[in-house]
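One file, model15.pdb, is given below (PDB, N, CA and C atoms, pLDDT in the B column).
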```
MODEL        1
ATOM      1  N   MET A   1      56.108  13.296 121.989  1.00 47.00           N
ATOM      2  CA  MET A   1      54.671  13.484 122.028  1.00 47.00           C
ATOM      3  C   MET A   1      54.107  12.638 123.159  1.00 47.00           C
ATOM      4  N   ASN A   2      53.434  13.286 124.088  1.00 50.00           N
ATOM      5  CA  ASN A   2      52.896  12.580 125.244  1.00 50.00           C
ATOM      6  C   ASN A   2      51.387  12.467 125.105  1.00 50.00           C
ATOM      7  N   THR A   3      50.918  11.373 124.561  1.00 47.00           N
ATOM      8  CA  THR A   3      49.486  11.191 124.363  1.00 47.00           C
ATOM      9  C   THR A   3      48.856  10.378 125.488  1.00 47.00           C
ATOM     10  N   ALA A   4      49.678   9.793 126.356  1.00 50.00           N
ATOM     11  CA  ALA A   4      49.144   8.946 127.417  1.00 50.00           C
ATOM     12  C   ALA A   4      48.423   9.768 128.471  1.00 50.00           C
ATOM     13  N   THR A   5      48.824  11.021 128.675  1.00 51.00           N
ATOM     14  CA  THR A   5      48.241  11.822 129.741  1.00 51.00           C
ATOM     15  C   THR A   5      47.251  12.851 129.229  1.00 51.00           C
ATOM     16  N   THR A   6      46.961  12.865 127.948  1.00 50.00           N
ATOM     17  CA  THR A   6      46.033  13.851 127.411  1.00 50.00           C
ATOM     18  C   THR A   6      44.607  13.342 127.499  1.00 50.00           C
ATOM     19  N   SER A   7      43.692  14.277 127.533  1.00 51.00           N
ATOM     20  CA  SER A   7      42.274  13.909 127.493  1.00 51.00           C
ATOM     21  C   SER A   7      41.659  14.447 126.210  1.00 51.00           C
ATOM     22  N   TYR A   8      42.452  14.507 125.198  1.00 50.00           N
ATOM     23  CA  TYR A   8      42.017  15.057 123.923  1.00 50.00           C
ATOM     24  C   TYR A   8      40.903  14.196 123.339  1.00 50.00           C
ATOM     25  N   PRO A   9      39.817  14.820 122.870  1.00 53.00           N
ATOM     26  CA  PRO A   9      38.683  14.013 122.387  1.00 53.00           C
ATOM     27  C   PRO A   9      39.041  13.032 121.275  1.00 53.00           C
ATOM     28  N   TYR A  10      40.053  13.344 120.471  1.00 50.00           N
ATOM     29  CA  TYR A  10      40.375  12.455 119.360  1.00 50.00           C
ATOM     30  C   TYR A  10      41.133  11.217 119.798  1.00 50.00           C
ATOM     31  N   ASP A  11      41.464  11.113 121.109  1.00 52.00           N
ATOM     32  CA  ASP A  11      42.026   9.861 121.608  1.00 52.00           C
ATOM     33  C   ASP A  11      41.001   8.738 121.485  1.00 52.00           C
ATOM     34  N   MET A  12      39.726   9.109 121.361  1.00 53.00           N
ATOM     35  CA  MET A  12      38.676   8.112 121.173  1.00 53.00           C
ATOM     36  C   MET A  12      38.868   7.371 119.852  1.00 53.00           C
ATOM     37  N   LEU A  13      39.603   7.982 118.912  1.00 54.00           N
ATOM     38  CA  LEU A  13      39.802   7.341 117.622  1.00 54.00           C
ATOM     39  C   LEU A  13      40.565   6.034 117.740  1.00 54.00           C
ATOM     40  N   SER A  14      41.357   5.888 118.817  1.00 57.00           N
ATOM     41  CA  SER A  14      42.110   4.646 118.968  1.00 57.00           C
ATOM     42  C   SER A  14      41.176   3.458 119.198  1.00 57.00           C
ATOM     43  N   ASN A  15      39.945   3.732 119.640  1.00 58.00           N
ATOM     44  CA  ASN A  15      38.965   2.667 119.842  1.00 58.00           C
ATOM     45  C   ASN A  15      37.964   2.592 118.697  1.00 58.00           C
ATOM     46  N   HIS A  16      38.212   3.333 117.656  1.00 56.00           N
ATOM     47  CA  HIS A  16      37.295   3.368 116.525  1.00 56.00           C
ATOM     48  C   HIS A  16      37.281   2.009 115.829  1.00 56.00           C
ATOM     49  N   PRO A  17      36.109   1.549 115.395  1.00 56.00           N
ATOM     50  CA  PRO A  17      36.017   0.224 114.739  1.00 56.00           C
ATOM     51  C   PRO A  17      36.909   0.074 113.510  1.00 56.00           C
ATOM     52  N   LEU A  18      37.194   1.166 112.813  1.00 56.00           N
ATOM     53  CA  LEU A  18      38.039   1.052 111.623  1.00 56.00           C
ATOM     54  C   LEU A  18      39.459   0.624 111.976  1.00 56.00           C
ATOM     55  N   ASN A  19      39.899   0.874 113.206  1.00 54.00           N
ATOM     56  CA  ASN A  19      41.240   0.451 113.614  1.00 54.00           C
ATOM     57  C   ASN A  19      41.343  -1.061 113.740  1.00 54.00           C
ATOM     58  N   ARG A  20      40.206  -1.713 113.929  1.00 56.00           N
ATOM     59  CA  ARG A  20      40.209  -3.171 114.098  1.00 56.00           C
ATOM     60  C   ARG A  20      39.696  -3.877 112.849  1.00 56.00           C
ATOM     61  N   PHE A  21      39.605  -3.160 111.752  1.00 57.00           N
ATOM     62  CA  PHE A  21      39.052  -3.697 110.514  1.00 57.00           C
ATOM     63  C   PHE A  21      40.034  -4.681 109.886  1.00 57.00           C
ATOM     64  N   SER A  22      39.556  -5.855 109.545  1.00 59.00           N
ATOM     65  CA  SER A  22      40.402  -6.846 108.884  1.00 59.00           C
ATOM     66  C   SER A  22      40.438  -6.569 107.393  1.00 59.00           C
ATOM     67  N   LEU A  23      41.627  -6.450 106.851  1.00 58.00           N
ATOM     68  CA  LEU A  23      41.766  -6.169 105.426  1.00 58.00           C
ATOM     69  C   LEU A  23      41.711  -7.455 104.616  1.00 58.00           C
ATOM     70  N   LEU A  24      40.994  -7.392 103.529  1.00 62.00           N
ATOM     71  CA  LEU A  24      40.905  -8.523 102.629  1.00 62.00           C
ATOM     72  C   LEU A  24      42.019  -8.432 101.595  1.00 62.00           C
ATOM     73  N   PRO A  25      42.449  -9.551 101.028  1.00 66.00           N
ATOM     74  CA  PRO A  25      43.471  -9.500  99.984  1.00 66.00           C
ATOM     75  C   PRO A  25      43.018  -8.636  98.803  1.00 66.00           C
ATOM     76  N   ASN A  26      43.952  -7.930  98.193  1.00 68.00           N
ATOM     77  CA  ASN A  26      43.709  -7.082  97.026  1.00 68.00           C
ATOM     78  C   ASN A  26      42.768  -5.912  97.304  1.00 68.00           C
ATOM     79  N   GLN A  27      42.632  -5.553  98.575  1.00 75.00           N
ATOM     80  CA  GLN A  27      41.762  -4.425  98.923  1.00 75.00           C
ATOM     81  C   GLN A  27      42.577  -3.127  98.903  1.00 75.00           C
ATOM     82  N   ASP A  28      41.955  -2.049  98.472  1.00 80.00           N
ATOM     83  CA  ASP A  28      42.602  -0.738  98.465  1.00 80.00           C
ATOM     84  C   ASP A  28      42.748  -0.276  99.911  1.00 80.00           C
ATOM     85  N   ILE A  29      43.986  -0.130 100.374  1.00 86.00           N
ATOM     86  CA  ILE A  29      44.219   0.214 101.779  1.00 86.00           C
ATOM     87  C   ILE A  29      44.679   1.659 101.959  1.00 86.00           C
ATOM     88  N   ARG A  30      44.540   2.480 100.936  1.00 89.00           N
ATOM     89  CA  ARG A  30      44.964   3.877 101.082  1.00 89.00           C
ATOM     90  C   ARG A  30      44.220   4.580 102.202  1.00 89.00           C
ATOM     91  N   TRP A  31      42.952   4.211 102.424  1.00 91.00           N
ATOM     92  CA  TRP A  31      42.180   4.857 103.478  1.00 91.00           C
ATOM     93  C   TRP A  31      42.768   4.557 104.845  1.00 91.00           C
ATOM     94  N   VAL A  32      43.398   3.394 105.003  1.00 90.00           N
ATOM     95  CA  VAL A  32      44.027   3.050 106.285  1.00 90.00           C
ATOM     96  C   VAL A  32      45.162   4.026 106.568  1.00 90.00           C
ATOM     97  N   HIS A  33      45.978   4.306 105.577  1.00 92.00           N
ATOM     98  CA  HIS A  33      47.078   5.244 105.755  1.00 92.00           C
ATOM     99  C   HIS A  33      46.559   6.651 106.006  1.00 92.00           C
ATOM    100  N   ARG A  34      45.522   7.038 105.299  1.00 93.00           N
ATOM    101  CA  ARG A  34      44.944   8.374 105.493  1.00 93.00           C
ATOM    102  C   ARG A  34      44.377   8.519 106.893  1.00 93.00           C
ATOM    103  N   PHE A  35      43.698   7.497 107.381  1.00 94.00           N
ATOM    104  CA  PHE A  35      43.129   7.545 108.729  1.00 94.00           C
ATOM    105  C   PHE A  35      44.244   7.621 109.769  1.00 94.00           C
ATOM    106  N   SER A  36      45.304   6.887 109.555  1.00 94.00           N
ATOM    107  CA  SER A  36      46.448   6.930 110.464  1.00 94.00           C
ATOM    108  C   SER A  36      47.078   8.326 110.479  1.00 94.00           C
ATOM    109  N   ASN A  37      47.238   8.912 109.308  1.00 96.00           N
ATOM    110  CA  ASN A  37      47.794  10.268 109.226  1.00 96.00           C
ATOM    111  C   ASN A  37      46.863  11.287 109.871  1.00 96.00           C
ATOM    112  N   PHE A  38      45.572  11.085 109.728  1.00 96.00           N
ATOM    113  CA  PHE A  38      44.573  11.948 110.353  1.00 96.00           C
ATOM    114  C   PHE A  38      44.731  11.937 111.872  1.00 96.00           C
ATOM    115  N   LYS A  39      44.875  10.754 112.447  1.00 96.00           N
ATOM    116  CA  LYS A  39      45.053  10.637 113.902  1.00 96.00           C
ATOM    117  C   LYS A  39      46.347  11.300 114.350  1.00 96.00           C
ATOM    118  N   LYS A  40      47.427  11.073 113.599  1.00 97.00           N
ATOM    119  CA  LYS A  40      48.712  11.676 113.954  1.00 97.00           C
ATOM    120  C   LYS A  40      48.628  13.196 113.936  1.00 97.00           C
ATOM    121  N   ALA A  41      47.937  13.744 112.949  1.00 97.00           N
ATOM    122  CA  ALA A  41      47.802  15.197 112.833  1.00 97.00           C
ATOM    123  C   ALA A  41      47.060  15.773 114.041  1.00 97.00           C
ATOM    124  N   PHE A  42      46.007  15.111 114.486  1.00 97.00           N
ATOM    125  CA  PHE A  42      45.277  15.612 115.644  1.00 97.00           C
ATOM    126  C   PHE A  42      46.092  15.507 116.919  1.00 97.00           C
ATOM    127  N   HIS A  43      46.893  14.466 117.056  1.00 97.00           N
ATOM    128  CA  HIS A  43      47.776  14.361 118.229  1.00 97.00           C
ATOM    129  C   HIS A  43      48.826  15.472 118.209  1.00 97.00           C
ATOM    130  N   GLN A  44      49.363  15.767 117.039  1.00 97.00           N
ATOM    131  CA  GLN A  44      50.331  16.859 116.930  1.00 97.00           C
ATOM    132  C   GLN A  44      49.677  18.193 117.251  1.00 97.00           C
ATOM    133  N   LEU A  45      48.458  18.392 116.796  1.00 97.00           N
ATOM    134  CA  LEU A  45      47.727  19.619 117.096  1.00 97.00           C
ATOM    135  C   LEU A  45      47.491  19.733 118.597  1.00 97.00           C
ATOM    136  N   ASN A  46      47.134  18.645 119.232  1.00 96.00           N
ATOM    137  CA  ASN A  46      46.934  18.658 120.678  1.00 96.00           C
ATOM    138  C   ASN A  46      48.226  19.038 121.405  1.00 96.00           C
ATOM    139  N   ASP A  47      49.353  18.487 120.981  1.00 96.00           N
ATOM    140  CA  ASP A  47      50.629  18.825 121.607  1.00 96.00           C
ATOM    141  C   ASP A  47      50.959  20.299 121.416  1.00 96.00           C
ATOM    142  N   ALA A  48      50.672  20.831 120.234  1.00 96.00           N
ATOM    143  CA  ALA A  48      50.946  22.247 119.953  1.00 96.00           C
ATOM    144  C   ALA A  48      50.090  23.154 120.828  1.00 96.00           C
ATOM    145  N   VAL A  49      48.814  22.825 120.984  1.00 96.00           N
ATOM    146  CA  VAL A  49      47.927  23.628 121.807  1.00 96.00           C
ATOM    147  C   VAL A  49      48.356  23.547 123.269  1.00 96.00           C
ATOM    148  N   THR A  50      48.763  22.373 123.721  1.00 96.00           N
ATOM    149  CA  THR A  50      49.237  22.205 125.096  1.00 96.00           C
ATOM    150  C   THR A  50      50.476  23.062 125.346  1.00 96.00           C
ATOM    151  N   LEU A  51      51.411  23.060 124.408  1.00 96.00           N
ATOM    152  CA  LEU A  51      52.610  23.900 124.550  1.00 96.00           C
ATOM    153  C   LEU A  51      52.258  25.382 124.558  1.00 96.00           C
ATOM    154  N   MET A  52      51.314  25.769 123.726  1.00 95.00           N
ATOM    155  CA  MET A  52      50.919  27.164 123.651  1.00 95.00           C
ATOM    156  C   MET A  52      50.285  27.633 124.945  1.00 95.00           C
ATOM    157  N   ARG A  53      49.525  26.763 125.588  1.00 95.00           N
ATOM    158  CA  ARG A  53      48.815  27.129 126.834  1.00 95.00           C
ATOM    159  C   ARG A  53      49.695  27.065 128.074  1.00 95.00           C
ATOM    160  N   SER A  54      50.827  26.404 127.993  1.00 90.00           N
ATOM    161  CA  SER A  54      51.686  26.270 129.172  1.00 90.00           C
ATOM    162  C   SER A  54      52.332  27.628 129.492  1.00 90.00           C
ATOM    163  N   PRO A  55      52.510  27.900 130.792  1.00 82.00           N
ATOM    164  CA  PRO A  55      53.076  29.214 131.191  1.00 82.00           C
ATOM    165  C   PRO A  55      54.503  29.405 130.779  1.00 82.00           C
TER     166      PRO A  55
ENDMDL
END
```
As structure tokens, what does this structure read like?
Amino acid sequence: MNTATTSYPYDMLSNHPLNRFSLLPNQDIRWVHRFSNFKKAFHQLNDAVTLMRSP
């Protein structure tokens, strides 16, 4: 997966404030995993669309 050269709008998520959120002890962190999976899914979708558009 080559995300370094893409201009996919969801690359902005890497600068999202939630990525820099400090977790407190005993805090429910399931949302962190869900957000990470969300980003991965969009990167995979971007790669699929790029492959589909290539000649």
Any idea what the distance is between atom C of His33 of chain A and atom N of Leu51 of chain A?
->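 For atom C of His33 of chain A relative to atom N of Leu51 of chain A, the distance reads 25.1 Å.
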Quick one: axis-aligned box around all listed atoms of segment 38-52 of chain A, 4 Å on every side, centre and edge lengths in Å to one decimal, written as lines of an AutoDock Vina configuration file.
```
center_x = 48.6
center_y = 19.1
center_z = 117.5
size_x = 16.0
size_y = 25.0
size_z = 23.6
```
Two-atom distance - atom N of Arg53 of chain A, atom C of Ala41 of chain A (Å) |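 These two atoms are separated by 16.1 Å.
The interatomic distance for the pair atom C of Met52 of chain A and atom C of Asn37 of chain A works out to 22.5 Å.
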